[in-house]
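Shown next: run01.txt, containing compact mmCIF, C-alpha atoms.
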```txt
# COMPACT_ATOMS: atom_id res chain seq x y z
CA MET A 84 157.84 114.05 257.26
CA LEU A 85 159.38 111.46 254.96
CA VAL A 86 158.21 111.13 251.37
CA SER A 87 158.36 107.66 249.86
CA ARG A 88 160.05 106.95 246.57
CA GLY A 89 156.66 106.03 245.13
CA ASP A 90 155.18 109.37 246.12
CA ARG A 91 158.11 111.20 244.53
CA SER A 92 157.66 109.24 241.31
CA THR A 93 153.95 110.07 241.24
CA PHE A 94 154.70 113.76 241.77
CA VAL A 95 157.27 113.79 238.94
CA LEU A 96 154.83 111.99 236.64
CA LEU A 97 152.06 114.49 237.40
CA LEU A 98 154.46 117.36 236.76
CA ILE A 99 155.45 115.94 233.36
CA VAL A 100 151.82 115.35 232.39
CA THR A 101 150.88 118.91 233.40
CA GLN A 102 153.69 120.34 231.29
CA LEU A 103 152.68 118.23 228.30
CA VAL A 104 149.05 119.35 228.59
CA PHE A 105 150.15 122.99 228.71
CA ILE A 106 152.35 122.55 225.63
CA LEU A 107 149.50 120.88 223.73
CA LEU A 108 147.19 123.68 224.77
CA LEU A 109 149.61 126.24 223.39
CA TYR A 110 149.90 124.27 220.16
CA ARG A 111 146.19 123.71 219.62
CA ARG A 112 144.77 127.05 220.72
CA GLY A 113 147.72 129.36 220.22
CA ALA A 114 149.65 131.27 222.84
CA VAL A 115 147.53 134.36 222.42
CA ASP A 116 144.32 132.54 223.34
CA VAL A 117 145.94 130.97 226.40
CA LEU A 118 147.23 134.31 227.65
CA GLN A 119 143.84 135.89 226.99
CA GLY A 120 142.40 133.43 229.46
CA LEU A 121 145.15 134.01 232.00
CA PHE A 122 144.68 137.75 231.90
CA THR A 123 140.89 137.71 232.11
CA VAL A 124 140.82 135.40 235.13
CA HIS A 125 142.28 138.28 237.15
CA SER A 126 140.39 141.06 235.38
CA HIS A 127 138.92 142.29 238.69
CA ARG A 128 142.22 144.02 239.44
CA TRP A 129 141.71 146.85 236.93
CA ASP A 130 141.52 150.32 238.45
CA TYR A 131 139.90 152.67 235.95
CA SER A 132 140.55 155.71 238.10
CA LYS A 133 144.16 155.44 236.93
CA THR A 134 144.59 155.45 233.17
CA GLU A 135 147.42 155.86 230.65
CA ASP A 136 147.62 157.60 227.30
CA VAL A 137 147.06 155.11 224.48
CA TYR A 138 150.26 156.29 222.76
CA THR A 139 152.41 155.61 225.85
CA ASN A 140 155.69 153.80 225.04
CA LEU A 141 154.86 153.01 221.40
CA SER A 142 158.31 154.38 220.53
CA LEU A 143 159.89 151.52 222.50
CA PHE A 144 159.15 149.22 219.57
CA THR A 145 162.53 149.59 217.87
CA PRO A 146 162.48 148.50 214.19
CA VAL A 147 164.72 145.61 213.12
CA THR A 148 166.68 146.64 210.04
CA ASN A 149 167.77 143.14 209.00
CA LEU A 150 164.67 141.06 208.27
CA GLU A 151 166.67 137.88 208.76
CA ASP A 152 166.97 138.81 212.43
CA LEU A 153 163.19 139.23 212.82
CA LEU A 154 161.84 136.98 215.58
CA TYR A 155 158.25 136.27 216.59
CA CYS A 156 156.76 138.95 218.81
CA PRO A 157 156.76 138.16 222.54
CA VAL A 158 153.59 136.37 223.55
CA LYS A 159 152.87 139.22 225.95
CA SER A 160 153.46 142.70 224.58
CA PRO A 161 155.94 144.54 226.84
CA ILE A 162 154.10 147.89 226.68
CA LEU A 163 150.56 146.94 227.74
CA VAL A 164 149.28 149.16 230.54
CA GLY A 165 145.65 148.14 231.06
CA PRO A 166 143.17 151.03 231.44
CA ILE A 167 143.68 153.80 228.90
CA THR A 168 142.43 157.37 228.88
CA VAL A 169 139.47 157.96 226.55
CA VAL A 170 138.05 161.48 226.30
CA PHE A 171 135.86 163.18 223.72
CA GLU A 172 137.14 166.73 223.88
CA THR A 173 139.47 167.99 221.14
CA LEU A 174 138.50 166.25 217.91
CA PRO A 175 141.66 164.99 216.19
CA SER A 176 142.14 165.69 212.49
CA PHE A 177 143.03 162.90 210.08
CA GLN A 178 146.43 164.54 209.60
CA THR A 179 147.09 164.48 213.36
CA ILE A 180 146.25 160.79 213.51
CA ILE A 181 148.60 160.09 210.59
CA LYS A 182 151.46 161.95 212.30
CA LYS A 183 150.95 160.02 215.53
CA ASN A 184 150.99 156.67 213.68
CA PRO A 185 154.02 156.98 211.37
CA TYR A 186 154.43 153.28 210.65
CA LEU A 187 151.04 152.68 209.08
CA ARG A 188 151.08 151.36 205.54
CA LEU A 189 148.73 152.52 202.83
CA GLY A 190 145.25 151.14 203.39
CA GLY A 191 145.32 151.39 207.19
CA LYS A 192 147.62 148.38 207.35
CA TYR A 193 150.09 147.74 210.12
CA VAL A 194 152.80 145.11 210.41
CA PRO A 195 155.09 145.22 213.46
CA ARG A 196 158.59 146.39 212.49
CA HIS A 197 160.33 144.97 215.54
CA CYS A 198 159.07 141.38 215.39
CA GLU A 199 156.99 138.89 213.42
CA ALA A 200 153.32 139.19 214.36
CA ARG A 201 151.75 136.06 215.81
CA TYR A 202 148.21 137.08 214.83
CA LYS A 203 146.40 138.78 211.92
CA SER A 204 143.11 140.58 212.48
CA ALA A 205 140.84 142.41 210.02
CA ILE A 206 138.80 145.25 211.53
CA ILE A 207 135.49 145.73 209.67
CA ILE A 208 133.59 148.98 210.31
CA PRO A 209 130.17 149.64 208.69
CA PHE A 210 129.89 153.35 207.99
CA ARG A 211 127.88 156.29 206.73
CA ASN A 212 127.83 159.99 207.75
CA ARG A 213 129.87 159.43 210.92
CA GLU A 214 133.17 161.21 210.21
CA LEU A 215 133.46 162.72 213.70
CA HIS A 216 133.08 159.30 215.32
CA LEU A 217 135.48 157.78 212.82
CA ARG A 218 138.19 160.30 213.71
CA TYR A 219 137.87 159.53 217.41
CA LEU A 220 137.91 155.79 216.77
CA LEU A 221 140.98 155.88 214.50
CA TYR A 222 142.86 158.09 216.95
CA TYR A 223 142.48 155.46 219.68
CA LEU A 224 142.19 152.20 217.75
CA HIS A 225 145.41 152.36 215.73
CA PRO A 226 147.75 152.65 218.74
CA PHE A 227 145.52 150.27 220.72
CA LEU A 228 146.09 147.52 218.12
CA GLN A 229 149.78 148.34 217.73
CA ARG A 230 150.24 147.95 221.48
CA GLN A 231 149.03 144.37 221.08
CA GLN A 232 151.64 143.69 218.35
CA LEU A 233 148.99 142.61 215.86
CA GLN A 234 149.20 142.63 212.10
CA TYR A 235 145.96 144.30 211.06
CA THR A 236 144.04 146.29 208.46
CA ILE A 237 141.11 148.62 209.10
CA PHE A 238 138.33 148.39 206.49
CA ILE A 239 135.66 151.10 206.29
CA ILE A 240 132.59 149.79 204.43
CA HIS A 241 130.80 152.93 203.31
CA GLN A 242 127.16 152.73 202.25
CA ALA A 243 126.55 155.10 199.32
CA GLY A 244 123.41 157.19 198.91
CA ASN A 245 120.75 158.06 201.47
CA GLY A 246 118.71 154.87 201.46
CA THR A 247 117.94 153.05 204.70
CA PHE A 248 121.12 151.98 206.49
CA ASN A 249 121.90 148.25 206.56
CA ARG A 250 124.69 147.48 209.03
CA ALA A 251 124.42 143.70 208.63
CA LYS A 252 124.75 143.74 204.86
CA LEU A 253 127.75 146.07 205.07
CA LEU A 254 129.47 143.64 207.44
CA ASN A 255 128.93 140.76 205.01
CA ILE A 256 130.40 142.85 202.21
CA GLY A 257 133.34 143.87 204.38
CA ILE A 258 134.14 140.25 205.19
CA LYS A 259 133.98 139.25 201.53
CA GLU A 260 136.34 142.03 200.48
CA ALA A 261 138.74 141.61 203.42
CA MET A 262 139.11 137.89 202.74
CA LYS A 263 140.40 138.69 199.26
CA GLU A 264 143.42 140.46 200.72
CA GLU A 265 144.72 138.19 203.46
CA ASP A 266 144.29 134.87 205.20
CA TRP A 267 143.00 136.42 208.43
CA ASP A 268 143.06 134.68 211.79
CA CYS A 269 140.25 136.86 213.09
CA LEU A 270 137.46 139.11 211.80
CA VAL A 271 136.57 141.92 214.21
CA LEU A 272 133.18 143.54 213.57
CA HIS A 273 133.35 147.05 215.02
CA ASP A 274 130.78 149.83 215.46
CA VAL A 275 132.28 153.23 214.68
CA ASP A 276 131.19 154.89 217.93
CA LEU A 277 132.80 152.50 220.45
CA ILE A 278 136.26 153.11 221.92
CA PRO A 279 138.03 150.36 223.95
CA GLU A 280 139.25 151.31 227.42
CA ASN A 281 141.78 148.55 228.19
CA ASP A 282 144.65 147.38 225.99
CA TYR A 283 144.56 143.90 227.55
CA ASN A 284 141.25 143.45 225.73
CA PHE A 285 142.82 141.51 222.88
CA TYR A 286 141.40 141.85 219.38
CA VAL A 287 141.89 138.16 218.68
CA CYS A 288 139.36 135.37 218.25
CA ASP A 289 138.38 132.50 220.45
CA HIS A 290 138.96 129.58 218.11
CA ASN A 291 136.20 127.53 219.68
CA TYR A 292 133.31 130.00 219.70
CA PRO A 293 132.36 133.48 218.43
CA LYS A 294 133.46 136.14 220.91
CA HIS A 295 131.55 139.17 222.10
CA ILE A 296 134.19 141.78 222.98
CA SER A 297 132.25 144.91 224.02
CA SER A 298 130.66 143.37 227.08
CA ALA A 299 130.48 146.62 229.10
CA ILE A 300 129.52 149.93 227.44
CA ASP A 301 129.29 153.12 229.48
CA LYS A 302 125.96 154.13 227.89
CA LEU A 303 124.55 150.79 229.12
CA ASP A 304 125.94 151.30 232.64
CA TYR A 305 128.79 148.90 231.84
CA SER A 306 126.47 145.90 231.80
CA LEU A 307 124.74 143.74 229.22
CA PRO A 308 121.24 144.87 228.21
CA TYR A 309 120.22 141.19 227.96
CA TRP A 310 122.00 137.85 228.16
CA SER A 311 122.13 137.07 224.40
CA TYR A 312 123.41 140.53 223.36
CA PHE A 313 126.03 140.34 220.59
CA GLY A 314 126.18 143.96 219.42
CA GLY A 315 128.91 146.59 219.34
CA VAL A 316 132.23 144.80 218.87
CA SER A 317 132.52 141.08 218.23
CA ALA A 318 135.08 138.67 216.78
CA LEU A 319 134.72 135.51 214.72
CA THR A 320 137.17 133.38 212.81
CA PRO A 321 136.47 133.10 209.06
CA GLU A 322 135.34 129.53 209.65
CA GLN A 323 132.87 130.57 212.34
CA TYR A 324 131.51 133.39 210.21
CA MET A 325 130.87 131.07 207.27
CA LYS A 326 129.40 128.40 209.54
CA ILE A 327 126.61 130.79 210.58
CA ASN A 328 126.27 132.08 206.99
CA GLY A 329 127.22 135.56 208.19
CA PHE A 330 124.62 138.23 208.92
CA PRO A 331 121.17 138.41 207.33
CA ASN A 332 120.95 141.01 204.56
CA THR A 333 117.31 141.88 205.18
CA TYR A 334 117.52 144.04 208.32
CA TRP A 335 117.15 147.61 207.09
CA GLY A 336 117.32 150.31 209.75
CA TRP A 337 118.21 150.05 213.43
CA GLY A 338 117.88 146.85 215.42
CA GLY A 339 117.44 143.11 215.06
CA GLU A 340 120.53 141.96 213.17
CA ASP A 341 122.61 141.24 216.29
CA ASP A 342 119.81 139.16 217.79
CA ASP A 343 119.55 137.28 214.51
CA ILE A 344 123.25 136.42 214.45
CA SER A 345 123.09 135.40 218.11
CA THR A 346 120.37 132.91 217.14
CA ARG A 347 122.43 131.73 214.16
CA ILE A 348 125.36 130.96 216.46
CA LYS A 349 123.10 128.71 218.55
CA LEU A 350 121.56 127.05 215.48
CA ALA A 351 125.05 126.31 214.14
CA GLY A 352 125.84 124.37 217.32
CA MET A 353 128.03 127.02 218.95
CA SER A 354 127.73 129.36 221.89
CA ILE A 355 128.98 132.87 222.62
CA THR A 356 132.11 133.44 224.66
CA ARG A 357 132.30 136.85 226.26
CA THR A 358 135.09 139.13 227.43
CA PRO A 359 134.63 139.73 231.18
CA PRO A 360 132.89 143.08 231.75
CA ASP A 361 135.74 144.57 233.78
CA LEU A 362 137.99 144.05 230.77
CA GLY A 363 135.59 144.55 227.85
CA ARG A 364 134.83 148.17 228.73
CA TYR A 365 134.00 150.74 226.03
CA LYS A 366 133.06 154.39 225.86
CA MET A 367 130.44 155.37 223.31
CA ALA A 368 130.73 158.63 221.40
CA MET A 369 127.33 160.20 221.93
CA HIS A 370 125.05 160.88 218.98
CA VAL A 371 121.45 160.96 217.89
CA ARG A 372 120.15 158.31 215.53
CA ASP A 373 120.93 159.13 211.91
CA ASN A 374 118.38 159.94 209.25
CA GLY A 375 118.00 156.76 207.24
CA ASN A 376 118.66 154.56 210.26
CA GLU A 377 115.21 154.60 211.79
CA GLU A 378 114.04 151.80 214.05
CA ASN A 379 113.22 148.59 212.21
CA ARG A 380 109.71 147.92 213.44
CA LYS A 381 109.53 144.58 211.60
CA ARG A 382 112.53 143.10 213.37
CA TYR A 383 110.61 140.97 215.89
CA ASP A 384 108.54 139.35 213.14
CA MET A 385 111.74 138.71 211.18
CA LEU A 386 113.50 137.20 214.19
CA ARG A 387 110.75 134.61 214.53
CA LEU A 388 111.71 133.31 211.08
CA THR A 389 115.47 133.02 211.64
CA ARG A 390 115.33 129.26 212.14
CA GLN A 391 113.80 128.89 208.65
CA THR A 392 115.87 131.53 206.82
CA TRP A 393 119.44 131.48 208.19
CA THR A 394 120.89 128.91 205.80
CA GLN A 395 119.48 130.63 202.70
CA GLU A 396 119.92 134.30 203.66
CA GLY A 397 123.35 135.71 204.47
CA MET A 398 126.82 135.46 202.98
CA ASN A 399 125.55 133.11 200.29
CA SER A 400 122.97 135.62 199.06
CA VAL A 401 124.50 139.09 199.53
CA GLU A 402 124.29 141.33 196.46
CA PHE A 403 126.08 144.63 196.04
CA LYS A 404 128.10 146.79 193.68
CA ILE A 405 131.45 148.29 194.55
CA ILE A 406 131.52 151.95 193.55
CA SER A 407 135.09 152.64 194.63
CA LYS A 408 137.93 151.21 196.67
CA LYS A 409 140.55 153.61 197.97
CA ALA A 410 143.56 152.98 200.19
CA THR A 411 144.17 155.94 202.49
CA ARG A 412 146.90 156.10 205.10
CA LEU A 413 144.46 155.37 207.92
CA PHE A 414 142.05 152.84 206.38
CA THR A 415 140.88 151.03 203.27
CA ASN A 416 137.65 152.70 202.17
CA ILE A 417 135.21 150.55 200.20
CA THR A 418 132.15 152.48 198.98
CA VAL A 419 129.28 150.22 197.98
CA ASP A 420 125.82 150.38 196.47
CA ILE A 421 123.66 147.95 198.46
CA GLY A 422 120.29 148.91 197.02
CA PHE A 423 117.37 150.39 198.91
CA GLY A 424 115.41 149.21 201.88
CA PRO A 425 111.70 148.40 201.73
CA THR A 426 110.67 151.88 202.92
CA ARG A 427 112.72 154.01 200.53
CA MET A 428 112.73 154.41 196.78
CA PRO A 429 115.58 155.55 194.54
CA GLU A 430 115.83 159.29 194.10
CA LYS A 431 114.63 160.71 190.82
CA GLN A 432 117.37 161.97 188.54
```
Would you give me this structure, written as structure tokens?
Amino acid sequence: MLVSRGDRSTFVLLLIVTQLVFILLLYRRGAVDVLQGLFTVHSHRWDYSKTEDVYTNLSLFTPVTNLEDLLYCPVKSPILVGPITVVFETLPSFQTIIKKNPYLRLGGKYVPRHCEARYKSAIIIPFRNRELHLRYLLYYLHPFLQRQQLQYTIFIIHQAGNGTFNRAKLLNIGIKEAMKEEDWDCLVLHDVDLIPENDYNFYVCDHNYPKHISSAIDKLDYSLPYWSYFGGVSALTPEQYMKINGFPNTYWGWGGEDDDISTRIKLAGMSITRTPPDLGRYKMAMHVRDNGNEENRKRYDMLRLTRQTWTQEGMNSVEFKIISKKATRLFTNITVDIGFGPTRMPEKQ
């Protein structure tokens, strides 16, 4: 079959246009975002009956001694394996985790030593009375993030006292404090009891919309409990977080704040992008609900008011007092006084 000169010219033109579009896509969205999409399109291939240790091949990242020779990290990390082994058997000590992650900097900071990171992510973890879960999470999360060649810091936002727990307010505080330290590309909001099961689940943001990362949790039968669910692990750029005015500060106790922020995303003219469930898999460290984190029975009444309150209540109204800030080898611990919920009074001295 003969091809005319005109047909050949059209083909060459289409090829050039396609290449230009791809280059512009890389420039506008970043190579990491593009590859995230490429990987997740074929996420059905993952076989979770075959898993690898999360520390596999980390030693292959050979440090560059001359900083002038430091190049940008490869767009695709060469040591990603997909499904990783997550078990809750022997509880690792903090010292064990430190020994297995020798290149961490003080404050739970990591900067690749073999290349220049393309992406900077802050990991914000609201916390109180969950040391066992924290040890499991740090054991898996540090090598998980290093495998992705990210520059990152883990922030533990520790609520002082025994007043009613307020996860949403702690996240707002964590964002405020993290933004003082670095110009982050992405803010990852992370529950302490969730462990990622696939190292292709990138802890980077979608620069168009807020991203829900933990789309499949074992306790929830690896499916969403409802279509607007935004709990567990999520990622927003600083611009997205400020556009929705962050979380509400008024949700004391368990429940409601994730539904509120889901509504805020819609009210701000955005939608939620979601990691495909075969890739966004997590195991939850089992526990009973903490004292001081009882169900918030007022949450449904509060959610009905989100449309009226979201621009006045959030990042622009959060009040707190920093009690201490300590840089440990595994994380930056920020202990804060956030006041007391409506059902608890200060203890008598």
- What's the 9 Å shell around Gly257 in chain A, counting all atoms listed in the file, without same-chain residues fewer than 4 positions away, as a list in words? Ile207, Ile208, Pro209, Phe238, Ile239, Ile240, Lys252, Leu253, Ala261, Met262 and Ile417 of chain A
For range 194-303 of chain A against range 350-365 of chain A, with a cut-off of 6 Å and counting all atoms listed in the file, what is the closest atom pair and its distance in Å to one decimal for every residue that makes the cut, ordered by chain and number, as a Markdown table?
```
| residue | atom | partner | partner_atom | distance |
| --- | --- | --- | --- | --- |
| A:Leu277 | CA | A:Tyr365 | CA | 6.0 |
| A:Ile278 | CA | A:Tyr365 | CA | 5.3 |
| A:Pro279 | CA | A:Tyr365 | CA | 4.6 |
| A:Glu280 | CA | A:Tyr365 | CA | 5.5 |
| A:Tyr292 | CA | A:Ile355 | CA | 6.0 |
| A:Pro293 | CA | A:Ile355 | CA | 5.4 |
| A:Lys294 | CA | A:Thr356 | CA | 4.8 |
| A:His295 | CA | A:Arg357 | CA | 4.8 |
| A:Ile296 | CA | A:Thr358 | CA | 5.3 |
| A:Ser297 | CA | A:Gly363 | CA | 5.1 |
| A:Ser298 | CA | A:Gly363 | CA | 5.1 |
| A:Ala299 | CA | A:Arg364 | CA | 4.6 |
| A:Ile300 | CA | A:Tyr365 | CA | 4.8 |
```
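Closest approach to Leu141 in chain A from the set A:Ile162, A:Leu303, A:Ile406, A:Leu154 is made by A:Ile162, with distances taken over all atoms listed in the file.
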- Restricting the calculation to all atoms listed in the file, which member of A:Ile348, A:Ile258, A:Met369, A:Leu233 is positioned closest to Arg201 in chain A? A:Leu233
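All residues of protein, DNA or RNA that reach within 9 Å of Tyr193 in chain A, judged by all atoms listed in the file and not counting those fewer than 6 positions away in the chain, are A:Tyr186, A:Leu187, A:His225, A:Leu228, A:Gln229, A:Leu233, A:Gln234, A:Tyr235, A:Thr236.
When only C-alpha atoms are used to compute distances to Gly246 in chain A, the closest of the residues A:Val401, A:Ser204, A:Val137, A:Trp335 turns out to be A:Trp335.
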As lines of an AutoDock Vina configuration file, please report the centre and edge lengths, rounded to one decimal in Å, of the axis-aligned box that holds all listed atoms of range 346-353 of chain A with 5 Å of padding on each of the six sides.
```
center_x = 124.2
center_y = 128.6
center_z = 216.5
size_x = 17.7
size_y = 18.5
size_z = 14.8
```
- Mind checking which residues fall within 12 Å of Tyr309 in chain A, counting only C-alpha atoms, ignoring those fewer than 2 positions away in the same chain, and posting them as a PyMOL selection string? chain A and resi 298-299+303+306-307+311-314+341-342+345
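Around the point (146.9, 135.5, 209.2), within 9 Å and counting all atoms listed in the file, we find these residues: Arg201, Tyr202, Lys203, Ser204, Gln234, Glu265, Asp266, Trp267, Asp268 and Cys269 of chain A.
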Here's a test: counting all atoms listed in the file, identify every protein, DNA and RNA residue with an atom at most 8 Å from (141.6, 163.5, 216.2) in the file's coordinate frame, and state them as a short mmCIF file (atom, residue, chain, number, x, y, z; two decimals) with C-alpha atoms, keeping the file's coordinate frame.
```cif
data_model
loop_
_atom_site.label_atom_id
_atom_site.label_comp_id
_atom_site.auth_asym_id
_atom_site.auth_seq_id
_atom_site.Cartn_x
_atom_site.Cartn_y
_atom_site.Cartn_z
CA THR A 173 139.47 167.99 221.14
CA LEU A 174 138.50 166.25 217.91
CA PRO A 175 141.66 164.99 216.19
CA SER A 176 142.14 165.69 212.49
CA PHE A 177 143.03 162.90 210.08
CA THR A 179 147.09 164.48 213.36
CA ILE A 180 146.25 160.79 213.51
CA ARG A 218 138.19 160.30 213.71
CA TYR A 219 137.87 159.53 217.41
CA LEU A 221 140.98 155.88 214.50
CA TYR A 222 142.86 158.09 216.95
#
```
- Task: Name the residues in contact with Gln242 in chain A at a cut-off of 6 Å, using all atoms listed in the file, excluding same-chain residues fewer than 3 positions from it; report them as a PyMOL selection string.
- Result: chain A and resi 211+418-419
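Counting from CA of Tyr138 in chain A, the distance to CA of Asp282 in chain A is 11.0 Å.
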- Find the residues near range 132-135 of chain A: any atom within 6 Å, counting only C-alpha atoms, skip ones fewer than 4 places away on the same chain, and give them as a count of residues only. 3
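One distance worth recording is that between CA of Leu272 in chain A and CA of Gly336 in chain A, which is 17.7 Å.
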Step by step: locate range 380-401 of chain A in the block above, keep N, CA, C and O atoms, then write the file as a tab-separated table (two decimals), in the first residue's frame.
```
chain	number	residue	atom	x	y	z
A	380	ARG	N	-21.43	13.65	68.75
A	380	ARG	CA	-22.84	13.47	68.41
A	380	ARG	C	-23.47	14.72	67.78
A	380	ARG	O	-24.59	14.67	67.27
A	381	LYS	N	-22.74	15.83	67.80
A	381	LYS	CA	-23.27	17.07	67.22
A	381	LYS	C	-22.81	17.26	65.78
A	381	LYS	O	-23.15	18.27	65.14
A	382	ARG	N	-22.06	16.29	65.25
A	382	ARG	CA	-21.39	16.53	63.97
A	382	ARG	C	-22.37	16.73	62.81
A	382	ARG	O	-22.11	17.53	61.90
A	383	TYR	N	-23.51	16.04	62.82
A	383	TYR	CA	-24.45	16.19	61.70
A	383	TYR	C	-25.10	17.57	61.70
A	383	TYR	O	-25.31	18.18	60.64
A	384	ASP	N	-25.40	18.09	62.88
A	384	ASP	CA	-25.93	19.46	62.97
A	384	ASP	C	-24.88	20.46	62.50
A	384	ASP	O	-25.21	21.44	61.82
A	385	MET	N	-23.61	20.22	62.85
A	385	MET	CA	-22.54	21.12	62.46
A	385	MET	C	-22.31	21.08	60.95
A	385	MET	O	-22.07	22.12	60.32
A	386	LEU	N	-22.41	19.89	60.37
A	386	LEU	CA	-22.19	19.76	58.93
A	386	LEU	C	-23.24	20.53	58.12
A	386	LEU	O	-22.94	21.01	57.02
A	387	ARG	N	-24.43	20.65	58.66
A	387	ARG	CA	-25.47	21.41	57.95
A	387	ARG	C	-25.15	22.89	57.87
A	387	ARG	O	-25.74	23.62	57.06
A	388	LEU	N	-24.20	23.36	58.69
A	388	LEU	CA	-23.86	24.78	58.72
A	388	LEU	C	-22.57	25.10	57.96
A	388	LEU	O	-22.14	26.25	57.93
A	389	THR	N	-21.93	24.08	57.37
A	389	THR	CA	-20.63	24.30	56.73
A	389	THR	C	-20.68	25.39	55.69
A	389	THR	O	-19.76	26.22	55.59
A	390	ARG	N	-21.72	25.42	54.90
A	390	ARG	CA	-21.83	26.43	53.84
A	390	ARG	C	-21.78	27.85	54.41
A	390	ARG	O	-21.25	28.77	53.76
A	391	GLN	N	-22.28	28.05	55.63
A	391	GLN	CA	-22.28	29.38	56.24
A	391	GLN	C	-20.98	29.67	57.01
A	391	GLN	O	-20.63	30.83	57.20
A	392	THR	N	-20.29	28.63	57.46
A	392	THR	CA	-19.17	28.85	58.39
A	392	THR	C	-17.78	28.68	57.80
A	392	THR	O	-16.81	29.13	58.40
A	393	TRP	N	-17.64	28.06	56.61
A	393	TRP	CA	-16.32	27.62	56.18
A	393	TRP	C	-15.34	28.75	55.91
A	393	TRP	O	-14.12	28.59	56.08
A	394	THR	N	-15.81	29.92	55.52
A	394	THR	CA	-14.88	31.01	55.23
A	394	THR	C	-14.44	31.76	56.49
A	394	THR	O	-13.43	32.47	56.47
A	395	GLN	N	-15.18	31.59	57.58
A	395	GLN	CA	-14.83	32.28	58.83
A	395	GLN	C	-14.15	31.36	59.83
A	395	GLN	O	-13.45	31.83	60.74
A	396	GLU	N	-14.31	30.05	59.70
A	396	GLU	CA	-13.81	29.10	60.68
A	396	GLU	C	-12.82	28.13	60.03
A	396	GLU	O	-13.19	27.37	59.14
A	397	GLY	N	-11.56	28.20	60.47
A	397	GLY	CA	-10.55	27.32	59.89
A	397	GLY	C	-9.15	27.84	60.16
A	397	GLY	O	-8.82	28.23	61.29
A	398	MET	N	-8.34	27.89	59.12
A	398	MET	CA	-6.96	28.36	59.27
A	398	MET	C	-6.90	29.81	59.72
A	398	MET	O	-5.97	30.23	60.42
A	399	ASN	N	-7.91	30.59	59.34
A	399	ASN	CA	-7.90	32.02	59.69
A	399	ASN	C	-8.41	32.28	61.10
A	399	ASN	O	-8.46	33.44	61.53
A	400	SER	N	-8.77	31.21	61.83
A	400	SER	CA	-9.29	31.44	63.19
A	400	SER	C	-8.68	30.50	64.23
A	400	SER	O	-9.09	30.54	65.39
A	401	VAL	N	-7.73	29.67	63.86
A	401	VAL	CA	-7.18	28.69	64.78
A	401	VAL	C	-6.36	29.36	65.88
A	401	VAL	O	-5.54	30.25	65.61
```
